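What follows is a short report on a single structure.
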Amino acid sequence: MVRLFVFFLFFQIITINSLLSQSIKKAYRHYDKNEFEKLEETLLKLDEKSSENSGKYYLYSLFYLKNQEDREKLKLAYQNILNSQRNYLNQDAKNLEELSELKITLKSIDSVKNIIDSLEYEFVKDINSIEEYKSYINFYNTSKFINNAVQKWHSLEYEIVSNQNSWEGYKIFMDEFPSSKYYYMAKELYEKLIFEEKTKNNSINSFEDFIAKYPDTPYRDSIEFTLLKKYSVNNSVDGYLKFLYKFPQSEYSKLSINFLYHTSLKEFSAINEMTDDKNLLDSIAEISNIDKLSLIGMIDDSITYFIDKNGNKILSNRSFEFENKYLCSFFKDDFFIVLGQESNIILNRNFSEIYRSKFSHVEDIGVGLIKVFSEDDFVVLHKSGKIILRGDYDDAFVVDNSYLLMEKDNHFTLFTVFGERIFDNVFTDVYKEGTFIIFEREIDSRIAIVNTDEIKKLFLSSENPDFRYDDYEYIKGDFMILIQDDNESLVNKNFVEIITMGNNKIIESDYGWINSTEYGIKIITDLFSSDFSTYYESVINNSKYI
């Protein structure tokens with residue numbers, strides 16, 4: 001009985017498979033004849049029989065594909081072709097043979113899949129929206145257009161971020177799309193915008209804070225150079241030492257040391273404490289010793305020797321022909337000028353080249369700066385070889401060992417020793433009285449009076465000097481009477497007011513100052529050291545008279 005049941009079941013399976021096979025063939029004939037209604041009926045009957053035949057899904061896909069303009073039908077076609085592909089490998093040998101007869105193979109299935117994929121992607125590209133590309137990528141995840149869809153999606157995301165153009169937007173894009181081809185473009189703009197945003201006030205603190213928070217910024221070198229220039233606005237030893245202390249590994253450490261060397265009057269000890277670069281230290285130590293010596297040249301067997309006052313040979317060279325001035329008397333210049341046929345050369349005392357051109361005149365203007373005149377050029381350069389300024393100028397001067405004053409057509413512009421312009425103003429005259437620096441301008445004939453520290457403060461705050469004074473009187477001991485609209489004040493070298501601006505007539509005396517006002521006369525002196533000084537303090541603060 002059991003055997004009979006098994007035989008019956010086996011016979012039933014064969015019969016069902018035979019009927020399914022016939023239905024598939026029938027459905028295919030309907031498709032061939034464009035009998036789509038009959039095709040649908042046949043396929044629905046196959047559904048009733050729960051057929052998982054690959055051919056059924058293949059024909060369903062073709063059925064839906066006839067409506068290519070209907071995206072919903074196109075989606076159904078794609079779902080069915082995927083089912084056909086998944087079921088194909090589960091078919092038995094007989095079904096595979098019959099499917100092959102109907103030319104339903106993995107190749108033809110893949111071909112239909114690609115057609116559907118292409119048609120859908122055209123819809124997606126026409127709409128060209130982020131949501132369309134994301135939906136396509138999720139549903140058609142095996143598509144050959146996936147990479148292109150991802151790129152177009154990222155492109156639209158990047159376009160939105162670009163229109164916003166904020167460092168916050170670029171940061172979000174970078175976090176969400178680290179593998180995007182736009183990642184490095186976003187990163188570059190992110191780095192630029194966050195740098196500009198965080199340092200927009202151009203203060204020392206903003207640059208220091210930024211480089212501390214973002215040590216790997218691509219702007220690190222430029223920030224370090226900016227800080228070097230800000231620390232050393234007034235060309236002070238402290239400024240260079242501060243930079244070397246904060247950024248010992250900086251690309252600009254050597255430049256800072258070179259400027260420090262000349263600003264500190266070739267004093268080597270300060271440099272020795274600020275770097276562990278043995279080669280650099282050895283080089284500076286060597287040239288420092290040579291720079292401080294008075295030398296005279298002598299020629300022996302075509303070799304030029306330079307000897308000190310004790311007759312010791314310090315330098316020798318056969319490559320250059322030195323001017324006679326180096327052979328006639330002792331000199332302390334820390335550079336040589338060598339005239340050649342094609343160009344002239346400025347050399348350090350170790351014979352390393354500082355500058356080469358067809359110059360006509362060279363002059364040392366102090367603190368390591370040299371001005372070089374040529375027929376069609378004017379250059380100010382540092383003895384390290386760095387060109388500070390060049391262009392259409394008539395002359396250059398160093399002010400108070402701190403600033404560089406450039407002259408053109410009897411007008412003056414003030415720069416730092418790194419060539420940074422300090423004020424917007426162009427001056428008709430600039431000169432010194434003690435530690436005070438006076439600027440004159442044409443507009444109203446008023447003058448501005450400052451000192452080196454005050455110039456630094458104005459530069460760092462991006463302000464210009466205040467042309468408030470009509471005149472002044474410099475007093476020995478570094479005092480200044482400032483005159484403004486017939487009012488006078490007295491200040492010391494640090495601009496601390498000894499007598500405040502007012503209707504004063506200030507006269508210097510042997511014991512201090514006499515200040516005549518409408519209320520009487522005040523005497524200001526520091527000669528008293530007895531108990532009388534208590535009374536004296538009350539006297540000088542009397543607003544009426546003494």
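Order determines the names: the first chain of the structure tokens is A, the second B, and so forth; residues in each chain are numbered 1 upward, and ligands are numbered 1 upward as they are shown.
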
**Message:** Considering only alpha helix (DSSP H) as DSSP defines it on the backbone, what residues of range 9-244 of chain A qualify? List them as a PyMOL selection string.
**Reply:** chain A and resi 9-32+36-48+54-65+71-88+93-101+106-127+130-139+146-164+167-176+183-198+204-213+220-231+237-244

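From CA of Ser111 in chain A back to CA of Asp47 in chain A, the distance works out to 24.3 Å.
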
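Of the residues listed (A:Asp453, A:Glu497, A:Asp470, A:Asp291), A:Asp291 shows the shortest atom-to-atom separation from Gly368 in chain A; distances use only C-alpha atoms.
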
**Request:** Show which residues sit within 7 Å of range 348-360 of chain A, as a VMD selection string. Count only C-alpha atoms, and ignore same-chain residues fewer than 2 positions away.
**Result:** chain A and resid 287 291 334 to 336 343 to 346 372 to 374 383 to 385

Restricted to C-alpha atoms, what would the selected residues look like written as a PDB file, in the first residue's frame?
```pdb
ATOM      1  CA  ILE A 287      80.607  82.854  11.148  1.00  0.00           C
ATOM      2  CA  ASP A 291      82.085  88.472  11.694  1.00  0.00           C
ATOM      3  CA  ASP A 334      80.432  91.271   7.410  1.00  0.00           C
ATOM      4  CA  PHE A 335      80.000  90.737   3.692  1.00  0.00           C
ATOM      5  CA  PHE A 336      82.098  91.029   0.538  1.00  0.00           C
ATOM      6  CA  SER A 343      76.931  89.820 -12.623  1.00  0.00           C
ATOM      7  CA  ASN A 344      78.126  91.067  -9.275  1.00  0.00           C
ATOM      8  CA  ILE A 345      77.901  89.017  -6.095  1.00  0.00           C
ATOM      9  CA  ILE A 346      77.382  89.751  -2.411  1.00  0.00           C
ATOM     10  CA  VAL A 372      71.085  97.214  -3.440  1.00  0.00           C
ATOM     11  CA  PHE A 373      70.826  99.714  -6.290  1.00  0.00           C
ATOM     12  CA  SER A 374      70.674  98.661  -9.923  1.00  0.00           C
ATOM     13  CA  LYS A 383      72.006  88.939   4.889  1.00  0.00           C
ATOM     14  CA  SER A 384      70.422  85.507   5.124  1.00  0.00           C
ATOM     15  CA  GLY A 385      69.593  85.958   1.422  1.00  0.00           C
TER      16      GLY A 385
END
```

**Prompt:** So how far away is CA of Ser256 in chain A from CA of Ile211 in chain A, in Å?
**Reply:** 18.6 Å

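With only C-alpha atoms taken into account, the protein and nucleic acid residues at most 8 Å from Trp153 in chain A (excluding it and anything under 5 positions from it in its own chain) are Ser129, Ile130, Tyr133 and Lys134 of chain A.
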
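CA of Ile307 in chain A is positioned 9.3 Å from CA of Leu293 in chain A.
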
**Item:** Spatial neighbours of Lys371 in chain A, 12 Å, only C-alpha atoms, chain gap at least 6 places, as number ranges by chain
**Value:** A: 346, 355, 359-365, 377-383, 387-391, 393-398, 404-406
